[in-house]
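Text of work_20.csv, listed as CSV, C-alpha atoms and all ligand atoms:
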chain,number,residue,atom,x,y,z
A,1,LEU,CA,23.6,-15.8,28.2
A,2,GLU,CA,26.3,-16.6,30.7
A,3,PHE,CA,28.4,-14.1,28.8
A,4,THR,CA,25.9,-11.2,29.1
A,5,MET,CA,25.4,-11.9,32.7
A,6,THR,CA,29.1,-11.6,33.3
A,7,THR,CA,29.2,-8.3,31.4
A,8,PHE,CA,26.4,-7.0,33.6
A,9,LYS,CA,28.2,-7.9,36.8
A,10,LYS,CA,31.2,-5.6,36.0
A,11,ILE,CA,28.9,-2.6,36.7
A,12,PRO,CA,28.3,-2.0,40.4
A,13,SER,CA,24.7,-2.8,41.0
A,14,SER,CA,24.1,0.7,42.4
A,15,GLU,CA,25.0,2.0,39.0
A,16,ILE,CA,22.9,-0.3,36.9
A,17,THR,CA,20.5,1.7,34.9
A,18,PRO,CA,18.1,0.3,32.4
A,19,GLU,CA,20.2,1.7,29.6
A,20,HIS,CA,23.3,-0.1,30.9
A,21,ILE,CA,21.5,-3.4,30.6
A,22,TYR,CA,19.9,-2.3,27.4
A,23,ASN,CA,23.1,-1.2,25.7
A,24,ASP,CA,25.0,-4.3,26.8
A,25,ARG,CA,22.2,-6.3,25.2
A,26,ARG,CA,22.4,-4.1,22.1
A,27,ASN,CA,26.2,-4.5,21.8
A,28,PHE,CA,25.9,-8.1,22.4
A,29,ILE,CA,23.5,-8.5,19.6
A,30,LYS,CA,25.6,-6.3,17.3
A,31,ASN,CA,28.8,-8.1,18.1
A,32,LEU,CA,27.5,-11.6,17.8
A,33,GLY,CA,24.7,-11.1,15.4
A,34,LEU,CA,22.4,-12.8,17.8
A,35,ILE,CA,18.8,-12.3,18.9
A,36,LEU,CA,18.9,-12.5,22.6
A,37,SER,CA,15.7,-13.6,24.3
A,38,SER,CA,14.2,-13.2,27.7
A,39,THR,CA,16.5,-14.5,30.4
A,40,ALA,CA,19.2,-11.9,30.9
A,41,LEU,CA,17.1,-8.8,30.9
A,42,SER,CA,14.1,-10.2,32.7
A,43,THR,CA,16.2,-10.4,35.8
A,44,PHE,CA,15.9,-6.7,36.0
A,45,THR,CA,12.4,-6.3,34.7
A,46,ASN,CA,9.7,-5.8,37.3
A,47,THR,CA,6.5,-6.1,35.5
A,48,GLY,CA,2.9,-6.0,36.5
A,49,PHE,CA,1.7,-7.5,33.3
A,50,THR,CA,2.4,-11.2,33.0
A,51,ALA,CA,2.4,-11.2,29.2
A,52,LEU,CA,5.3,-8.6,29.3
A,53,ASN,CA,7.5,-11.0,31.3
A,54,THR,CA,9.0,-12.4,28.1
A,55,LEU,CA,11.0,-9.9,26.2
A,56,PRO,CA,10.1,-9.1,22.7
A,57,SER,CA,12.5,-9.8,19.9
A,58,PHE,CA,14.8,-7.0,19.0
A,59,ILE,CA,13.6,-5.1,15.9
A,60,GLN,CA,15.3,-1.9,14.9
A,61,SER,CA,12.8,-0.5,12.4
A,62,LYS,CA,15.1,2.4,11.5
A,63,ASP,CA,18.8,2.7,11.7
A,64,LEU,CA,19.3,5.1,14.6
A,65,SER,CA,22.6,3.5,15.7
A,66,ASN,CA,24.5,6.7,15.4
A,67,GLU,CA,22.2,8.4,17.8
A,68,LYS,CA,22.7,8.1,21.5
A,69,LEU,CA,19.6,6.8,23.3
A,70,THR,CA,18.2,9.3,25.8
A,71,SER,CA,18.8,8.1,29.4
A,72,PHE,CA,16.0,6.3,31.3
A,73,LYS,CA,16.2,9.1,33.9
A,74,ASP,CA,15.6,11.8,31.3
A,75,ILE,CA,12.8,9.9,29.6
A,76,THR,CA,11.0,9.5,32.9
A,77,SER,CA,11.6,12.8,34.6
A,78,TYR,CA,11.1,15.4,31.7
A,79,ASN,CA,7.5,14.7,30.6
A,80,ASN,CA,4.4,16.4,29.2
A,81,TYR,CA,1.3,14.9,30.8
A,82,TYR,CA,-1.2,17.6,31.7
A,83,GLU,CA,-3.4,15.3,33.7
A,84,PHE,CA,-0.8,15.5,36.4
A,85,GLY,CA,0.2,19.2,36.0
A,86,THR,CA,1.8,21.5,33.5
A,87,SER,CA,5.4,21.4,34.5
A,88,LYS,CA,7.9,18.9,33.2
A,89,SER,CA,8.5,17.4,36.6
A,90,ASP,CA,4.8,17.1,37.6
A,91,PRO,CA,4.2,13.7,35.9
A,92,GLN,CA,7.2,12.1,37.7
A,93,ASP,CA,5.9,13.5,41.0
A,94,HIS,CA,2.2,12.7,40.6
A,95,ALA,CA,1.6,9.9,38.1
A,96,HIS,CA,2.2,7.2,40.8
A,97,LEU,CA,-1.3,8.1,42.1
A,98,LEU,CA,-2.8,6.5,39.0
A,99,LYS,CA,-4.1,2.9,39.3
A,100,ILE,CA,-3.4,1.1,36.0
A,101,ASP,CA,-4.5,-2.4,37.0
A,102,PRO,CA,-7.1,-3.4,36.1
A,103,TRP,CA,-7.2,-1.5,32.8
A,104,SER,CA,-9.2,-2.2,29.7
A,105,ILE,CA,-9.1,-0.7,26.3
A,106,SER,CA,-12.0,-0.8,23.9
A,107,ILE,CA,-11.9,-0.6,20.1
A,108,GLU,CA,-15.3,0.4,18.8
A,109,GLY,CA,-17.2,2.6,16.3
A,110,SER,CA,-17.2,1.8,12.6
A,111,VAL,CA,-15.9,-1.7,13.0
A,112,ALA,CA,-17.4,-5.1,12.2
A,113,LYS,CA,-15.9,-6.8,15.3
A,114,PRO,CA,-15.6,-4.4,18.3
A,115,LEU,CA,-13.2,-5.6,21.1
A,116,LYS,CA,-12.7,-4.9,24.7
A,117,LEU,CA,-9.4,-6.2,26.1
A,118,ASP,CA,-7.3,-5.9,29.2
A,119,ILE,CA,-3.6,-5.2,28.6
A,120,ASP,CA,-2.5,-8.9,29.1
A,121,GLU,CA,-5.1,-10.1,26.6
A,122,LEU,CA,-4.0,-7.4,24.1
A,123,ILE,CA,-0.3,-8.4,24.4
A,124,LYS,CA,-1.3,-12.1,24.0
A,125,LEU,CA,-3.3,-11.3,20.9
A,126,ILE,CA,-0.6,-9.4,19.1
A,127,PRO,CA,3.2,-10.0,19.5
A,128,ILE,CA,5.1,-7.1,21.0
A,129,GLU,CA,8.1,-5.6,19.2
A,130,GLU,CA,10.9,-3.3,20.2
A,131,ARG,CA,11.3,-0.1,18.2
A,132,ILE,CA,13.7,2.7,18.6
A,133,TYR,CA,12.1,6.0,17.6
A,134,ARG,CA,12.8,9.7,17.9
A,135,LEU,CA,10.1,11.5,19.7
A,136,ARG,CA,10.0,15.2,18.7
A,137,CYS,CA,8.1,17.7,20.8
A,138,VAL,CA,6.5,20.8,19.4
A,139,GLU,CA,8.4,22.9,21.9
A,140,GLY,CA,11.8,22.2,20.3
A,141,TRP,CA,13.2,19.3,22.1
A,142,SER,CA,13.6,15.6,21.2
A,143,MET,CA,14.5,12.3,22.7
A,144,VAL,CA,15.5,8.9,21.2
A,145,ILE,CA,13.5,6.2,23.0
A,146,PRO,CA,13.6,2.4,22.8
A,147,TRP,CA,9.9,1.6,22.9
A,148,ILE,CA,8.2,-1.8,23.3
A,149,GLY,CA,4.8,-2.0,21.7
A,150,ILE,CA,2.4,-3.5,19.2
A,151,PRO,CA,1.8,-2.2,15.7
A,152,LEU,CA,-1.6,-0.4,15.8
A,153,ASN,CA,-2.4,-1.8,12.4
A,154,SER,CA,-2.4,-5.4,13.8
A,155,LEU,CA,-5.0,-4.4,16.3
A,156,LEU,CA,-7.2,-2.5,13.8
A,157,LYS,CA,-7.1,-5.4,11.4
A,158,LYS,CA,-8.6,-7.6,14.2
A,159,VAL,CA,-11.7,-5.4,14.5
A,160,THR,CA,-12.2,-5.1,10.8
A,161,PRO,CA,-12.9,-1.4,10.0
A,162,THR,CA,-16.0,-0.8,7.9
A,163,GLY,CA,-16.2,1.4,4.8
A,164,ASN,CA,-17.3,4.4,7.0
A,165,ALA,CA,-14.1,4.3,9.0
A,166,LYS,CA,-12.0,7.2,7.7
A,167,TYR,CA,-10.3,8.4,11.0
A,168,VAL,CA,-9.3,7.0,14.3
A,169,GLU,CA,-10.1,8.8,17.5
A,170,PHE,CA,-8.2,8.0,20.7
A,171,VAL,CA,-9.5,8.8,24.2
A,172,SER,CA,-7.5,9.0,27.4
A,173,LEU,CA,-8.7,8.2,30.9
A,174,LYS,CA,-10.7,10.8,32.9
A,175,ARG,CA,-10.3,10.2,36.6
A,176,PRO,CA,-9.7,13.4,38.5
A,177,SER,CA,-9.4,11.6,41.8
A,178,GLU,CA,-6.1,10.1,40.6
A,179,MET,CA,-5.2,12.5,37.9
A,180,ILE,CA,-4.8,15.6,39.9
A,181,GLY,CA,-4.2,17.9,37.0
A,182,GLN,CA,-7.8,17.2,35.9
A,183,LYS,CA,-9.0,19.3,38.8
A,184,ASP,CA,-8.0,22.2,36.7
A,185,ASP,CA,-10.1,22.7,33.5
A,186,MET,CA,-7.2,24.2,31.5
A,187,LEU,CA,-7.9,21.4,28.9
A,188,ASP,CA,-11.2,19.7,28.0
A,189,TRP,CA,-10.8,16.3,29.7
A,190,PRO,CA,-10.5,13.5,28.7
A,191,TYR,CA,-7.5,14.2,26.5
A,192,THR,CA,-8.3,13.1,22.9
A,193,GLU,CA,-6.3,12.7,19.7
A,194,GLY,CA,-6.9,11.6,16.2
A,195,LEU,CA,-5.2,10.1,13.1
A,196,ARG,CA,-6.4,9.5,9.6
A,197,LEU,CA,-7.0,5.8,9.0
A,198,ASP,CA,-4.0,5.4,6.7
A,199,GLU,CA,-1.7,7.1,9.3
A,200,ALA,CA,-3.1,4.8,12.0
A,201,MET,CA,-2.5,1.8,9.7
A,202,HIS,CA,1.1,2.9,8.9
A,203,PRO,CA,3.6,0.3,10.2
A,204,LEU,CA,5.6,2.9,12.1
A,205,THR,CA,2.5,3.7,14.3
A,206,ILE,CA,2.6,1.7,17.5
A,207,LEU,CA,0.8,1.3,20.8
A,208,ALA,CA,3.6,1.3,23.4
A,209,VAL,CA,3.4,-0.8,26.5
A,210,GLY,CA,7.1,-0.5,27.6
A,211,LEU,CA,10.4,1.2,27.2
A,212,TYR,CA,14.0,0.1,27.8
A,213,GLY,CA,12.8,-3.4,28.2
A,214,LYS,CA,10.5,-2.5,31.1
A,215,VAL,CA,6.8,-1.9,31.6
A,216,LEU,CA,5.9,1.6,30.6
A,217,PRO,CA,6.4,4.0,33.6
A,218,LYS,CA,3.3,5.8,34.6
A,219,GLN,CA,4.6,9.2,33.6
A,220,ASN,CA,5.1,8.0,30.1
A,221,GLY,CA,1.5,6.9,29.7
A,222,ALA,CA,1.1,3.4,31.3
A,223,PRO,CA,-0.4,1.1,30.7
A,224,ILE,CA,-0.7,1.9,27.0
A,225,ARG,CA,0.0,5.0,24.9
A,226,LEU,CA,0.3,5.8,21.2
A,227,VAL,CA,3.7,6.6,19.5
A,228,VAL,CA,3.6,8.2,16.1
A,229,PRO,CA,7.2,9.0,15.4
A,230,TRP,CA,6.8,11.5,12.5
A,231,LYS,CA,4.4,13.7,14.4
A,232,TYR,CA,4.8,16.2,17.2
A,233,GLY,CA,4.8,14.7,20.7
A,234,PHE,CA,1.3,15.7,21.6
A,235,LYS,CA,-0.2,13.3,19.1
A,236,SER,CA,1.3,10.4,21.1
A,237,ILE,CA,-1.6,10.2,23.5
A,238,LYS,CA,-1.1,8.5,26.9
A,239,ALA,CA,-3.3,6.3,29.1
A,240,ILE,CA,-5.6,5.2,26.3
A,241,THR,CA,-9.0,3.7,27.2
A,242,LYS,CA,-10.8,4.0,23.9
A,243,ILE,CA,-10.0,3.7,20.2
A,244,ARG,CA,-12.9,4.7,18.1
A,245,LEU,CA,-13.1,4.4,14.3
A,246,VAL,CA,-15.1,7.3,12.9
A,247,GLU,CA,-16.2,8.9,9.6
A,248,LYS,CA,-15.4,12.5,10.4
A,249,MET,CA,-12.1,14.1,11.4
A,250,PRO,CA,-11.9,14.1,15.2
A,251,ILE,CA,-11.3,17.4,16.9
A,252,SER,CA,-8.4,16.8,19.3
A,253,THR,CA,-7.9,18.4,22.7
A,254,TRP,CA,-5.2,20.7,21.4
A,255,MET,CA,-7.2,21.7,18.3
A,256,LYS,CA,-10.1,22.6,20.5
A,257,ALA,CA,-7.9,24.5,23.0
A,258,ASN,CA,-6.0,26.5,20.4
A,259,PRO,CA,-6.9,25.9,16.7
A,260,LYS,CA,-4.6,28.6,15.4
A,261,GLU,CA,-1.6,26.9,17.0
A,262,TYR,CA,-2.4,23.2,16.7
A,263,GLY,CA,-3.7,21.5,13.6
A,264,PHE,CA,-5.0,18.0,13.0
A,265,TYR,CA,-1.9,16.7,11.1
A,266,SER,CA,0.9,18.0,13.4
A,267,ASN,CA,3.6,16.4,11.2
A,268,VAL,CA,7.1,17.4,12.2
A,269,ASN,CA,8.0,20.1,9.7
A,270,PRO,CA,11.0,22.4,10.0
A,271,GLU,CA,9.6,24.7,7.3
A,272,VAL,CA,6.3,25.5,9.1
A,273,ASP,CA,6.9,27.4,12.4
A,274,HIS,CA,4.6,27.3,15.4
A,275,PRO,CA,3.1,30.8,15.7
A,276,ARG,CA,5.2,31.5,18.8
A,277,TRP,CA,8.5,29.7,18.0
A,278,THR,CA,10.7,28.2,15.3
A,279,GLN,CA,10.3,24.5,14.5
A,280,ALA,CA,13.6,24.5,12.4
A,281,THR,CA,15.9,23.2,15.2
A,282,GLU,CA,15.7,21.1,18.3
A,283,ARG,CA,17.5,20.3,21.5
A,284,ARG,CA,18.3,16.7,22.3
A,285,ILE,CA,17.4,16.2,25.9
A,286,GLY,CA,20.4,15.0,27.9
A,287,GLU,CA,22.9,16.9,25.8
A,288,SER,CA,24.8,19.9,27.2
A,289,LEU,CA,23.0,23.2,26.9
A,290,LEU,CA,26.1,24.5,25.2
A,291,SER,CA,26.0,21.9,22.4
A,292,PRO,CA,24.6,23.2,19.2
A,293,ARG,CA,20.9,22.6,18.5
A,294,LEU,CA,20.1,20.0,15.9
A,295,LYS,CA,18.5,20.7,12.6
A,296,THR,CA,15.0,19.3,12.6
A,297,GLN,CA,14.4,16.8,9.8
A,298,MET,CA,11.2,16.7,7.7
A,299,PHE,CA,8.8,14.2,9.2
A,300,ASN,CA,11.2,13.9,12.1
A,301,GLY,CA,13.6,11.8,9.8
A,302,TYR,CA,10.9,9.4,8.6
A,303,LYS,CA,10.3,11.1,5.3
A,304,GLU,CA,11.1,8.1,3.2
A,305,GLU,CA,8.5,6.1,5.0
A,306,VAL,CA,5.6,8.6,5.3
A,307,ALA,CA,5.9,11.4,2.8
A,308,HIS,CA,3.6,9.6,0.4
A,309,LEU,CA,0.7,9.9,2.8
A,310,TYR,CA,0.7,13.7,2.2
A,311,GLN,CA,1.4,13.9,-1.5
A,312,GLY,CA,-0.3,16.9,-3.1
A,313,MET,CA,-1.3,18.4,0.2
A,314,ASP,CA,-0.4,22.0,1.2
A,315,LEU,CA,1.5,21.4,4.4
A,316,ASN,CA,1.3,25.1,5.3
A,317,LYS,CA,-2.5,24.8,5.5
A,318,ASN,CA,-2.6,21.2,6.8
A,319,PHE,CA,-0.3,21.8,9.7
B,1,LIG,N1,-3.1,11.9,27.9
B,1,LIG,C1,-2.0,12.7,27.5
B,1,LIG,N2,-1.2,12.3,26.6
B,1,LIG,C2,-0.1,13.1,26.2
B,1,LIG,C3,0.0,14.4,26.8
B,1,LIG,C4,-0.9,14.8,27.8
B,1,LIG,O1,-0.8,15.9,28.4
B,1,LIG,N3,-1.9,13.9,28.1
B,1,LIG,N4,1.1,15.1,26.4
B,1,LIG,C5,1.7,14.9,25.1
B,1,LIG,C6,2.9,15.6,24.8
B,1,LIG,S1,2.7,17.3,24.5
B,1,LIG,C7,4.1,15.0,24.6
B,1,LIG,S2,5.5,15.9,24.1
B,1,LIG,C8,4.3,13.5,24.9
B,1,LIG,C9,5.4,13.3,25.8
B,1,LIG,O2,5.6,11.9,26.0
B,1,LIG,P1,6.8,11.5,27.1
B,1,LIG,O3,6.5,12.2,28.4
B,1,LIG,O4,6.6,10.0,27.2
B,1,LIG,O5,8.1,11.9,26.5
B,1,LIG,O6,3.1,13.0,25.4
B,1,LIG,C10,1.9,13.4,24.8
B,1,LIG,N5,0.7,12.6,25.3
B,2,MO,MO,4.7,18.0,23.4
Rewritten as structure tokens:
Amino acid sequence: LEFTMTTFKKIPSSEITPEHIYNDRRNFIKNLGLILSSTALSTFTNTGFTALNTLPSFIQSKDLSNEKLTSFKDITSYNNYYEFGTSKSDPQDHAHLLKIDPWSISIEGSVAKPLKLDIDELIKLIPIEERIYRLRCVEGWSMVIPWIGIPLNSLLKKVTPTGNAKYVEFVSLKRPSEMIGQKDDMLDWPYTEGLRLDEAMHPLTILAVGLYGKVLPKQNGAPIRLVVPWKYGFKSIKAITKIRLVEKMPISTWMKANPKEYGFYSNVNPEVDHPRWTQATERRIGESLLSPRLKTQMFNGYKEEVAHLYQGMDLNKNF
């Protein structure tokens, strides 16, 4: 740990970004083959949730080591979060108005043991892990983000879904006094999303509570948001208050708003275009506008892990 602290000190503190700290830690782990625990990074971590004060172990669920991580600045200033407005900079400008403490999340519906927990209780109940995922937006851009979260399947197992549970519905917060975009009824608030139960139980699906070793910034969905890395960005619902296990396929906010353009599955698929734009290529946020667009990969690069979930389905119809 002495060694890492020295490494950090070579960077003038004015220039220390979360990714400096993070990449130092990453290289340190790579070079020495060590798992580094809390001390070094927690110096820089300012968290509101006590359970997050100890850093999770470093788990790289997918080898993305050849891909540069998107900068903390880009991850936190180029956002989609319509509760705070429709432009990419609105969330960074307005999300600070949201009060996230106290916050509870309830897991209910077709379950044997419903739960209502605050974020600290949740993190104590299920160990947090660090996962690096691509997040691919339907509009043709992508980021690579080091998330911290808990596997959703661990939480669902705690409530014991009953035989009627076929789908999982997620509900965001509705609080127009703090979410100023909700004064506009351009979407049907609260924002909702859904997954099939097997998608929700997939080990890649997480509930994120942090990124770059820090508590999740409000514009990214604090205190808790979903991350489903093989689906378009809008499935990764932010500011979750309720998780409901249900029998029928939930109609998500975007399906309701525009069923021709947004389907239930929303799997990243370069072969099925959005009616108004191609989905075959993407721009990595942070790269020069002159650099060539990347070819989008089937299931956002997670084909090996998830393709079996959709075997035999017509993905042109089930978009
Ligand atoms: N509650 C809520 N969740 C949301 C959205 C939203 O408007 N409201 N936007 C979605 C969209 S379209 C995207 S691309 C991702 C963006 O996540 P990020 O800002 O953390 O990159 O959040 C998703 N989750
Ligand atoms: Mo999106």
For ligand MO 2 (chain B), return the neighbouring residues as a PyMOL selection string (distance at most 10 Å; all atoms listed in the file). chain A and resi 79-81+135-142+231-236
Just write the chosen residues, C-alpha atoms, as an mmCIF file, keeping the file's coordinate frame.
data_model
loop_
_atom_site.group_PDB
_atom_site.id
_atom_site.type_symbol
_atom_site.label_atom_id
_atom_site.label_comp_id
_atom_site.auth_asym_id
_atom_site.auth_seq_id
_atom_site.Cartn_x
_atom_site.Cartn_y
_atom_site.Cartn_z
ATOM 1 C CA ASN A 79 7.500 14.700 30.600
ATOM 2 C CA ASN A 80 4.400 16.400 29.200
ATOM 3 C CA TYR A 81 1.300 14.900 30.800
ATOM 4 C CA LEU A 135 10.100 11.500 19.700
ATOM 5 C CA ARG A 136 10.000 15.200 18.700
ATOM 6 C CA CYS A 137 8.100 17.700 20.800
ATOM 7 C CA VAL A 138 6.500 20.800 19.400
ATOM 8 C CA GLU A 139 8.400 22.900 21.900
ATOM 9 C CA GLY A 140 11.800 22.200 20.300
ATOM 10 C CA TRP A 141 13.200 19.300 22.100
ATOM 11 C CA SER A 142 13.600 15.600 21.200
ATOM 12 C CA LYS A 231 4.400 13.700 14.400
ATOM 13 C CA TYR A 232 4.800 16.200 17.200
ATOM 14 C CA GLY A 233 4.800 14.700 20.700
ATOM 15 C CA PHE A 234 1.300 15.700 21.600
ATOM 16 C CA LYS A 235 -0.200 13.300 19.100
ATOM 17 C CA SER A 236 1.300 10.400 21.100
#
From the list A:Trp103, A:Trp230, A:Tyr167, A:Trp189, which residue is nearest ligand LIG 1 (chain B) when using all atoms listed in the file?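 So, comparing all the options, the nearest one is A:Trp189.
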Interatomic distance (Å, one decimal) between atom CA of A:His202 and atom CA of A:Pro151: 8.5 Å
Pick from A:Pro250, A:Met313, A:Val268, A:Phe319: nearest to A:Lys295, with all atoms listed in the file counted?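 Residue with the minimum atom-to-atom distance to A:Lys295: A:Val268.
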Select, from A:Gly213, A:Pro114, A:Pro190, A:Gly301, the residue with the minimum atom-to-atom distance to ligand LIG 1 (chain B), counting all atoms listed in the file.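 Of the candidates, the smallest distance to ligand LIG 1 (chain B) is held by A:Pro190.
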Would you kindly return, as a PyMOL selection string, each protein, DNA or RNA residue with an atom no farther than 9 Å from any atom of A:Ile180, considering all atoms listed in the file and excluding same-chain residues fewer than 2 positions away? chain A and resi 83-85+94-95+97+175-178+182-184
Quick one: of A:Ser110, A:Ser14, A:Ser89, A:Thr76, who's nearest to ligand LIG 1 (chain B), counting only C-alpha atoms and all ligand atoms?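 Using only C-alpha atoms and all ligand atoms, ligand LIG 1 (chain B) sits closest to A:Thr76.
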Given all atoms listed in the file as the counted atoms, nearest of A:Ile150, A:Met179, A:Ala222, A:Leu115 to A:Leu204: A:Ile150
Minimum-distance residue to ligand LIG 1 (chain B), chosen among A:Thr253, A:Ser106, A:Thr278, A:Thr162 (using all atoms listed in the file): A:Thr253
Between atom N3 of ligand LIG 1 (chain B) and atom CA of A:Thr160, what is the spacing in Å?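 We find that atom CA of A:Thr160 and atom N3 of ligand LIG 1 (chain B) lie 27.7 Å from each other.
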Can you tell me which residues surround A:Arg293 at a distance of at most 12 Å, considering only C-alpha atoms, apart from same-chain residues fewer than 6 positions away, and format the answer as an mmCIF file with C-alpha atoms, in the frame of the given file?
data_model
loop_
_atom_site.group_PDB
_atom_site.id
_atom_site.type_symbol
_atom_site.label_atom_id
_atom_site.label_comp_id
_atom_site.auth_asym_id
_atom_site.auth_seq_id
_atom_site.Cartn_x
_atom_site.Cartn_y
_atom_site.Cartn_z
ATOM 1 C CA GLY A 140 11.800 22.200 20.300
ATOM 2 C CA TRP A 141 13.200 19.300 22.100
ATOM 3 C CA SER A 142 13.600 15.600 21.200
ATOM 4 C CA GLN A 279 10.300 24.500 14.500
ATOM 5 C CA ALA A 280 13.600 24.500 12.400
ATOM 6 C CA THR A 281 15.900 23.200 15.200
ATOM 7 C CA GLU A 282 15.700 21.100 18.300
ATOM 8 C CA ARG A 283 17.500 20.300 21.500
ATOM 9 C CA ARG A 284 18.300 16.700 22.300
ATOM 10 C CA ILE A 285 17.400 16.200 25.900
ATOM 11 C CA GLU A 287 22.900 16.900 25.800
#
Interatomic distance between atom CA of A:Leu207 and atom CA of A:Phe170? 11.2 Å
For A:Phe264: contacts at 10 Å, only C-alpha atoms, fewer than 3 positions along chain excluded, given as a list of chain:residue names: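 Once the nearby chain positions are removed, what remains is A:Glu193, A:Gly194, A:Leu195, A:Arg196, A:Lys235, A:Met249, A:Pro250, A:Ile251, A:Ser252, A:Trp254, A:Met255, A:Pro259, A:Asn267, A:Asn318, A:Phe319.
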